[in-house]
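Source file: run_4.txt (compact mmCIF, C-alpha atoms and all ligand atoms)
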```
# COMPACT_ATOMS: atom_id res chain seq x y z
CA MET A 1 146.59 147.54 106.99
CA SER A 2 148.30 147.19 110.35
CA PRO A 3 151.55 149.11 111.02
CA GLU A 4 153.24 145.81 111.96
CA PHE A 5 152.32 144.37 108.56
CA ILE A 6 153.61 147.49 106.74
CA LEU A 7 156.95 147.33 108.54
CA LYS A 8 157.32 143.59 107.87
CA GLU A 9 156.44 144.03 104.20
CA VAL A 10 159.11 146.74 103.84
CA THR A 11 161.90 145.02 105.76
CA ASP A 12 161.23 141.41 104.67
CA ASN A 13 160.18 142.04 101.11
CA LEU A 14 160.26 145.43 99.36
CA ALA A 15 163.52 146.71 100.85
CA LYS A 16 165.13 143.43 101.89
CA ASP A 17 168.14 144.05 99.60
CA PHE A 18 168.61 147.68 100.68
CA PRO A 19 171.77 148.65 102.64
CA SER A 20 171.68 147.54 106.28
CA ASP A 21 171.67 151.17 107.49
CA PHE A 22 168.33 151.69 105.77
CA LEU A 23 166.88 148.55 107.35
CA THR A 24 168.10 149.63 110.79
CA VAL A 25 166.35 152.98 110.40
CA ALA A 26 163.19 151.29 109.12
CA LYS A 27 163.12 148.82 112.04
CA HIS A 28 163.32 151.70 114.53
CA THR A 29 160.41 153.57 112.99
CA ASP A 30 157.66 154.64 115.37
CA LEU A 31 154.81 152.31 114.34
CA SER A 32 152.19 154.99 114.97
CA THR A 33 153.64 157.05 112.09
CA LEU A 34 153.34 154.34 109.43
CA ALA A 35 150.71 154.53 106.72
CA TRP A 36 150.29 152.73 103.42
CA GLY A 37 148.36 154.07 100.47
CA PRO A 38 148.49 154.34 96.71
CA LEU A 39 150.31 157.29 95.11
CA GLN A 40 147.75 159.84 94.01
CA PHE A 41 147.98 161.86 90.84
CA ARG A 42 145.77 164.61 89.46
CA ALA A 43 146.11 165.08 85.72
CA PRO A 44 147.75 168.44 84.90
CA TRP A 45 144.87 169.54 82.66
CA ASN A 46 142.49 168.84 85.52
CA VAL A 47 144.62 171.01 87.83
CA ALA A 48 144.79 173.76 85.18
CA PHE A 49 141.13 173.73 84.14
CA GLY A 50 139.32 171.79 86.88
CA ARG A 51 137.52 173.12 89.91
CA THR A 52 139.78 174.21 92.76
CA GLN A 53 137.57 176.78 94.45
CA ASN A 54 133.97 177.10 95.43
CA SER A 55 133.06 180.48 96.87
CA ASN A 56 134.99 180.83 100.15
CA VAL A 57 136.44 177.31 99.99
CA THR A 58 139.61 176.16 98.28
CA VAL A 59 142.30 173.52 98.63
CA ALA A 60 146.08 173.57 98.93
CA GLY A 61 148.93 171.07 98.89
CA ASP A 62 148.21 167.49 97.89
CA ALA A 63 144.49 168.16 98.12
CA MET A 64 144.87 170.48 95.14
CA HIS A 65 147.72 168.91 93.18
CA PRO A 66 148.69 165.37 94.17
CA MET A 67 151.68 164.39 92.07
CA THR A 68 154.07 161.50 91.67
CA PRO A 69 157.16 161.97 93.89
CA ASP A 70 159.69 161.99 91.03
CA LEU A 71 160.78 165.62 91.31
CA GLY A 72 160.51 165.83 95.11
CA GLN A 73 158.20 168.83 94.78
CA GLY A 74 154.91 167.91 96.49
CA ALA A 75 155.67 169.42 99.88
CA CYS A 76 157.64 172.31 98.33
CA SER A 77 154.59 173.18 96.24
CA ALA A 78 152.38 172.95 99.33
CA LEU A 79 154.63 175.49 101.08
CA GLU A 80 154.49 177.79 98.04
CA ASP A 81 150.68 177.48 98.14
CA ALA A 82 150.70 178.67 101.75
CA VAL A 83 152.81 181.75 100.93
CA VAL A 84 150.74 182.70 97.88
CA LEU A 85 147.47 182.07 99.70
CA ALA A 86 148.46 184.32 102.58
CA ARG A 87 149.60 187.07 100.22
CA CYS A 88 146.45 186.91 98.08
CA LEU A 89 144.14 187.02 101.10
CA ASN A 90 146.12 189.90 102.53
CA GLN A 91 145.96 191.87 99.28
CA ALA A 92 142.24 191.18 98.86
CA HIS A 93 141.61 192.30 102.43
CA THR A 94 143.63 195.47 102.04
CA THR A 95 141.78 196.54 98.88
CA ALA A 96 138.34 195.23 99.89
CA THR A 97 135.28 197.36 99.45
CA ASP A 98 132.80 194.60 100.15
CA ASN A 99 133.12 192.79 103.48
CA ARG A 100 131.67 189.53 102.15
CA GLN A 101 133.55 189.31 98.89
CA TRP A 102 137.16 189.75 99.90
CA VAL A 103 137.82 186.13 100.91
CA GLU A 104 136.36 184.86 97.65
CA ASN A 105 138.41 187.40 95.67
CA GLY A 106 141.58 186.45 97.54
CA LEU A 107 141.00 182.77 96.87
CA LYS A 108 140.35 183.49 93.20
CA SER A 109 143.71 185.27 92.88
CA TYR A 110 145.44 182.42 94.72
CA VAL A 111 143.94 179.77 92.43
CA ASN A 112 144.78 181.79 89.32
CA GLU A 113 148.37 182.27 90.43
CA ARG A 114 148.91 178.64 91.38
CA ARG A 115 147.01 176.45 88.94
CA TRP A 116 149.29 176.72 85.88
CA ARG A 117 152.46 176.49 87.87
CA VAL A 118 151.43 173.37 89.78
CA ALA A 119 150.00 171.82 86.60
CA GLY A 120 153.53 172.21 85.15
CA VAL A 121 155.13 170.60 88.21
CA VAL A 122 152.63 167.70 88.14
CA ALA A 123 153.39 167.13 84.44
CA GLY A 124 157.16 167.39 84.99
CA SER A 125 157.07 164.88 87.86
CA TRP A 126 155.02 162.47 85.81
CA LEU A 127 157.36 162.78 82.81
CA SER A 128 160.45 162.28 84.95
CA GLY A 129 158.98 159.21 86.69
CA THR A 130 157.57 157.66 83.54
CA VAL A 131 160.82 157.95 81.62
CA HIS A 132 162.99 156.76 84.50
CA GLN A 133 160.77 153.82 85.41
CA GLY A 134 159.78 152.98 81.83
CA GLY A 135 163.38 152.00 81.11
CA CYS A 136 163.09 149.01 83.46
CA GLY A 137 159.67 147.74 82.32
CA ASP A 138 158.81 144.33 80.86
CA GLN A 139 157.61 145.68 77.54
CA GLN A 140 160.61 145.74 75.22
CA TRP A 141 159.49 148.47 72.83
CA TRP A 142 158.45 150.82 75.65
CA SER A 143 161.66 150.19 77.62
CA ARG A 144 163.74 150.84 74.54
CA THR A 145 161.84 153.99 73.61
CA THR A 146 162.02 155.48 77.11
CA ARG A 147 165.72 154.59 77.47
CA TRP A 148 166.43 156.21 74.11
CA PHE A 149 164.52 159.35 75.12
CA ARG A 150 166.17 159.36 78.56
CA ASP A 151 169.73 159.03 77.27
CA ARG A 152 169.35 161.41 74.30
CA TYR A 153 167.04 164.12 75.56
CA LEU A 154 165.94 163.84 79.17
CA TYR A 155 169.25 164.50 80.89
CA LYS A 156 170.63 166.87 78.26
CA PHE A 157 167.65 169.08 77.57
CA VAL A 158 164.57 168.33 79.66
CA MET A 159 165.92 167.88 83.20
CA PRO A 160 167.94 171.14 83.25
CA LYS A 161 164.79 172.99 82.17
CA LEU A 162 162.68 171.19 84.77
CA VAL A 163 165.18 171.98 87.52
CA ASP A 164 165.15 175.66 86.47
CA PHE A 165 161.38 175.59 86.49
CA VAL A 166 161.00 174.15 89.99
CA TRP A 167 163.47 176.65 91.45
CA THR A 168 161.09 179.49 91.82
CA ASP A 169 160.65 182.56 93.94
CA CYS A 170 157.01 182.54 94.91
CA GLY A 171 157.28 186.03 96.39
CA ASP A 172 156.78 187.19 99.95
CA LEU A 173 153.83 186.90 102.28
CA GLY A 174 153.02 190.57 101.93
CA SER A 175 152.76 193.09 104.71
CA PRO A 176 151.54 192.94 107.47
CA PHE A 177 152.63 189.27 107.74
CA THR A 178 156.26 190.03 106.91
CA GLN A 179 158.34 193.04 106.13
CA GLY A 180 160.36 191.98 103.12
CA VAL A 181 161.02 188.35 104.14
CA LYS A 182 161.40 186.33 100.94
CA SER A 183 160.16 182.75 100.57
CA THR A 184 161.71 180.62 97.85
C1 LIG B 1 157.49 158.56 98.42
C2 LIG B 1 157.29 160.04 98.49
C3 LIG B 1 158.38 160.90 98.47
C4 LIG B 1 158.22 162.28 98.52
N1 LIG B 1 159.31 163.10 98.49
C5 LIG B 1 159.15 164.42 98.52
C6 LIG B 1 160.29 165.29 98.50
O1 LIG B 1 161.43 164.86 98.45
N2 LIG B 1 160.07 166.63 98.51
C7 LIG B 1 158.82 167.15 98.57
O2 LIG B 1 158.67 168.38 98.57
N3 LIG B 1 157.72 166.35 98.61
C8 LIG B 1 157.86 165.00 98.60
N4 LIG B 1 156.74 164.18 98.66
C9 LIG B 1 155.40 164.75 98.68
C10 LIG B 1 154.98 165.25 100.06
O3 LIG B 1 155.07 164.21 101.01
C11 LIG B 1 153.52 165.74 99.97
O4 LIG B 1 153.34 166.50 98.81
C12 LIG B 1 153.18 166.60 101.18
O5 LIG B 1 153.26 165.83 102.35
C13 LIG B 1 151.78 167.18 101.02
O6 LIG B 1 151.49 167.92 102.16
P1 LIG B 1 150.00 168.25 102.51
O7 LIG B 1 150.05 169.03 103.78
O8 LIG B 1 149.30 168.84 101.34
O9 LIG B 1 149.28 166.84 102.74
P2 LIG B 1 149.60 165.74 103.84
O10 LIG B 1 151.05 165.73 104.22
O11 LIG B 1 149.00 164.48 103.31
O12 LIG B 1 148.81 166.24 105.10
C14 LIG B 1 147.43 166.11 105.20
C15 LIG B 1 147.11 165.83 106.65
O13 LIG B 1 145.69 165.89 106.82
C16 LIG B 1 145.30 164.82 107.65
N5 LIG B 1 143.89 164.55 107.35
C17 LIG B 1 143.37 163.91 106.28
N6 LIG B 1 142.04 163.85 106.37
C18 LIG B 1 141.71 164.49 107.50
C19 LIG B 1 140.48 164.80 108.13
N7 LIG B 1 139.31 164.43 107.61
N8 LIG B 1 140.51 165.48 109.29
C20 LIG B 1 141.68 165.88 109.85
N9 LIG B 1 142.88 165.63 109.29
C21 LIG B 1 142.90 164.95 108.14
C22 LIG B 1 146.23 163.70 107.29
O14 LIG B 1 146.31 162.74 108.33
C23 LIG B 1 147.54 164.45 107.12
O15 LIG B 1 148.26 164.58 108.32
C24 LIG B 1 156.90 162.80 98.60
C25 LIG B 1 155.79 161.93 98.63
C26 LIG B 1 155.98 160.57 98.57
C27 LIG B 1 154.78 159.67 98.61
```
What is this structure when it is put down as C-alpha cells?
Ligand SMILES: Cc1cc2nc3c(=O)[nH]c(=O)nc-3n(C[C@H](O)[C@H](O)[C@H](O)COP(=O)(O)OP(=O)(O)OC[C@H]3O[C@@H](n4cnc5c(N)ncnc54)[C@H](O)[C@@H]3O)c2cc1C
Amino acid sequence: MSPEFILKEVTDNLAKDFPSDFLTVAKHTDLSTLAWGPLQFRAPWNVAFGRTQNSNVTVAGDAMHPMTPDLGQGACSALEDAVVLARCLNQAHTTATDNRQWVENGLKSYVNERRWRVAGVVAGSWLSGTVHQGGCGDQQWWSRTTRWFRDRYLYKFVMPKLVDFVWTDCGDLGSPFTQGVKST
C-alpha cells in the first residue's frame, strides 16, 4: 500500500471528521514513515505457555507479546523487556561456570520473569478494548452486555486494578550496567 494512499485514506476517510489540528499534523507527516498493517495479538495463554526461547535465541517487544493498543503498554512492555533481559544476562554471566550455557540460562530467567507479566498485560489490553469497543457494536445484545459491564464494573473495579498492575517497577539493569539506577 503506497504511503500516498495511506495518507489519503486517513485524511479523506477515516479521520475526516477529526479536529482540524489533527488533520494538519497528519498532512505534514513524512511519507517515508507511514505504514499500514493489521493489529497483531498473541493470545495470553500462548504468551504464558508458548515457545519464546530456543537455546540462545529469544524475542522481546512486539515479537514476543503483540497486544491491542488499548492500555498503551506495548512499547512500555518492550522497554521493560530490555531492562529485564540485560539484568538476567548480566546475572547469568556473573554466576556462570560453563562458558557455553550462560546465555541460555540468562534467556531462560528472562523468559520466566516476563511471560506471566506480559500475558497479564495482553489480557488486560484485550479486555479494555473489547469492552470499550463492544459498546458501539451493531449486535444489540453484545452492545448492551458490554455497556452494562463497562458502567457497573469496568471503571469502578477493573480499571483501577489494571492501572495498578501496569505501573510496575521492573528493577534495575544490574551492575555493571548501572549502579543503582532504577527503571520503572
Ligand atoms: C495504534 C497504536 C497505539 C499505540 N500506543 C501505544 C502507547 O500509547 N504506549 C505504548 O507503550 N505502546 C503503544 N503502542 C504499541 C507500540 O507501538 C509497540 O508495542 C512498540 O512499537 C513495539 O516495539 P518493538 O521494538 O517491539 O517493535 P517495532 O516498533 O515494531 O520495531 C520493530 C522494528 O523492526 C524492523 N524490522 C522488522 N523486520 C525486520 C527485518 N527482517 N530486518 C530488520 N528490521 C526489521 C521494523 O521495521 C521495525 O522498525 C501502540 C501501538 C499501536 C498500533
(request) Kindly work out which residues sit at most 7 Å from ligand LIG 1 (chain B), using all atoms listed in the file, and give the list as a PyMOL selection string. (result) chain A and resi 39+60-63+66+69+72-78
(request) Choose the residue, out of A:Asp70, A:Glu4, A:Asp98, A:Glu9, that has the smallest atom-to-atom separation from Leu162 (chain A); count only C-alpha atoms. (result) A:Asp70
List the neighbours of Trp126 (chain A) out to 8 Å using all atoms listed in the file; skip same-chain residues closer than 2 positions along the sequence, and give me the result as a PDB file with C-alpha atoms, in the coordinates of the input.
```
ATOM      1  CA  MET A  67     151.680 164.390  92.070  1.00  0.00           C
ATOM      2  CA  THR A  68     154.070 161.500  91.670  1.00  0.00           C
ATOM      3  CA  ASP A  70     159.690 161.990  91.030  1.00  0.00           C
ATOM      4  CA  VAL A 122     152.630 167.700  88.140  1.00  0.00           C
ATOM      5  CA  ALA A 123     153.390 167.130  84.440  1.00  0.00           C
ATOM      6  CA  GLY A 124     157.160 167.390  84.990  1.00  0.00           C
ATOM      7  CA  SER A 128     160.450 162.280  84.950  1.00  0.00           C
ATOM      8  CA  GLY A 129     158.980 159.210  86.690  1.00  0.00           C
ATOM      9  CA  THR A 130     157.570 157.660  83.540  1.00  0.00           C
TER      10      THR A 130
END
```
(request) In Å, rounded to a single decimal, give me how far CA of Asp21 (chain A) is from CA of Lys8 (chain A). (result)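 We find that CA of Lys8 (chain A) and CA of Asp21 (chain A) lie 16.2 Å from each other.
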(message) So, with all atoms listed in the file as the atoms that count, which of A:Leu34, A:Met1, A:Leu23, A:Val118 lies closest to Glu80 (chain A)?
(response)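 So, comparing all the options, the nearest one is A:Val118.
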(request) For CA of Trp142 (chain A) and CA of Val163 (chain A), quote the distance in Å rounded to one decimal. (result)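 Rounded to one decimal, the two atoms are 25.2 Å apart.
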(message) Here is a test: counting all atoms listed in the file, which residue of A:Lys156, A:His132, A:His93, A:His28 is nearest to Leu107 (chain A)?
(response)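 Of A:Lys156, A:His132, A:His93, A:His28, the one nearest Leu107 (chain A), counting all atoms listed in the file, is A:His93.
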(request) Name all residues at most 12 Å from Lys108 (chain A) (count all atoms listed in the file; drop same-chain ones fewer than 6 positions away) and give them as a count of residues only. (result) 19
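Put simply, CA of Trp148 (chain A) is 28.3 Å away from CA of Asp17 (chain A).
Proximity of A:Ala86, A:Phe49, A:Val25, A:Arg117 to Asp169 (chain A), computed with only C-alpha atoms, is greatest for A:Arg117.
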(request) Name all residues at most 9 Å from Val83 (chain A) (count all atoms listed in the file; drop same-chain ones fewer than 6 positions away) and give them as a ChimeraX atom specification. (result) /A:170-174,183
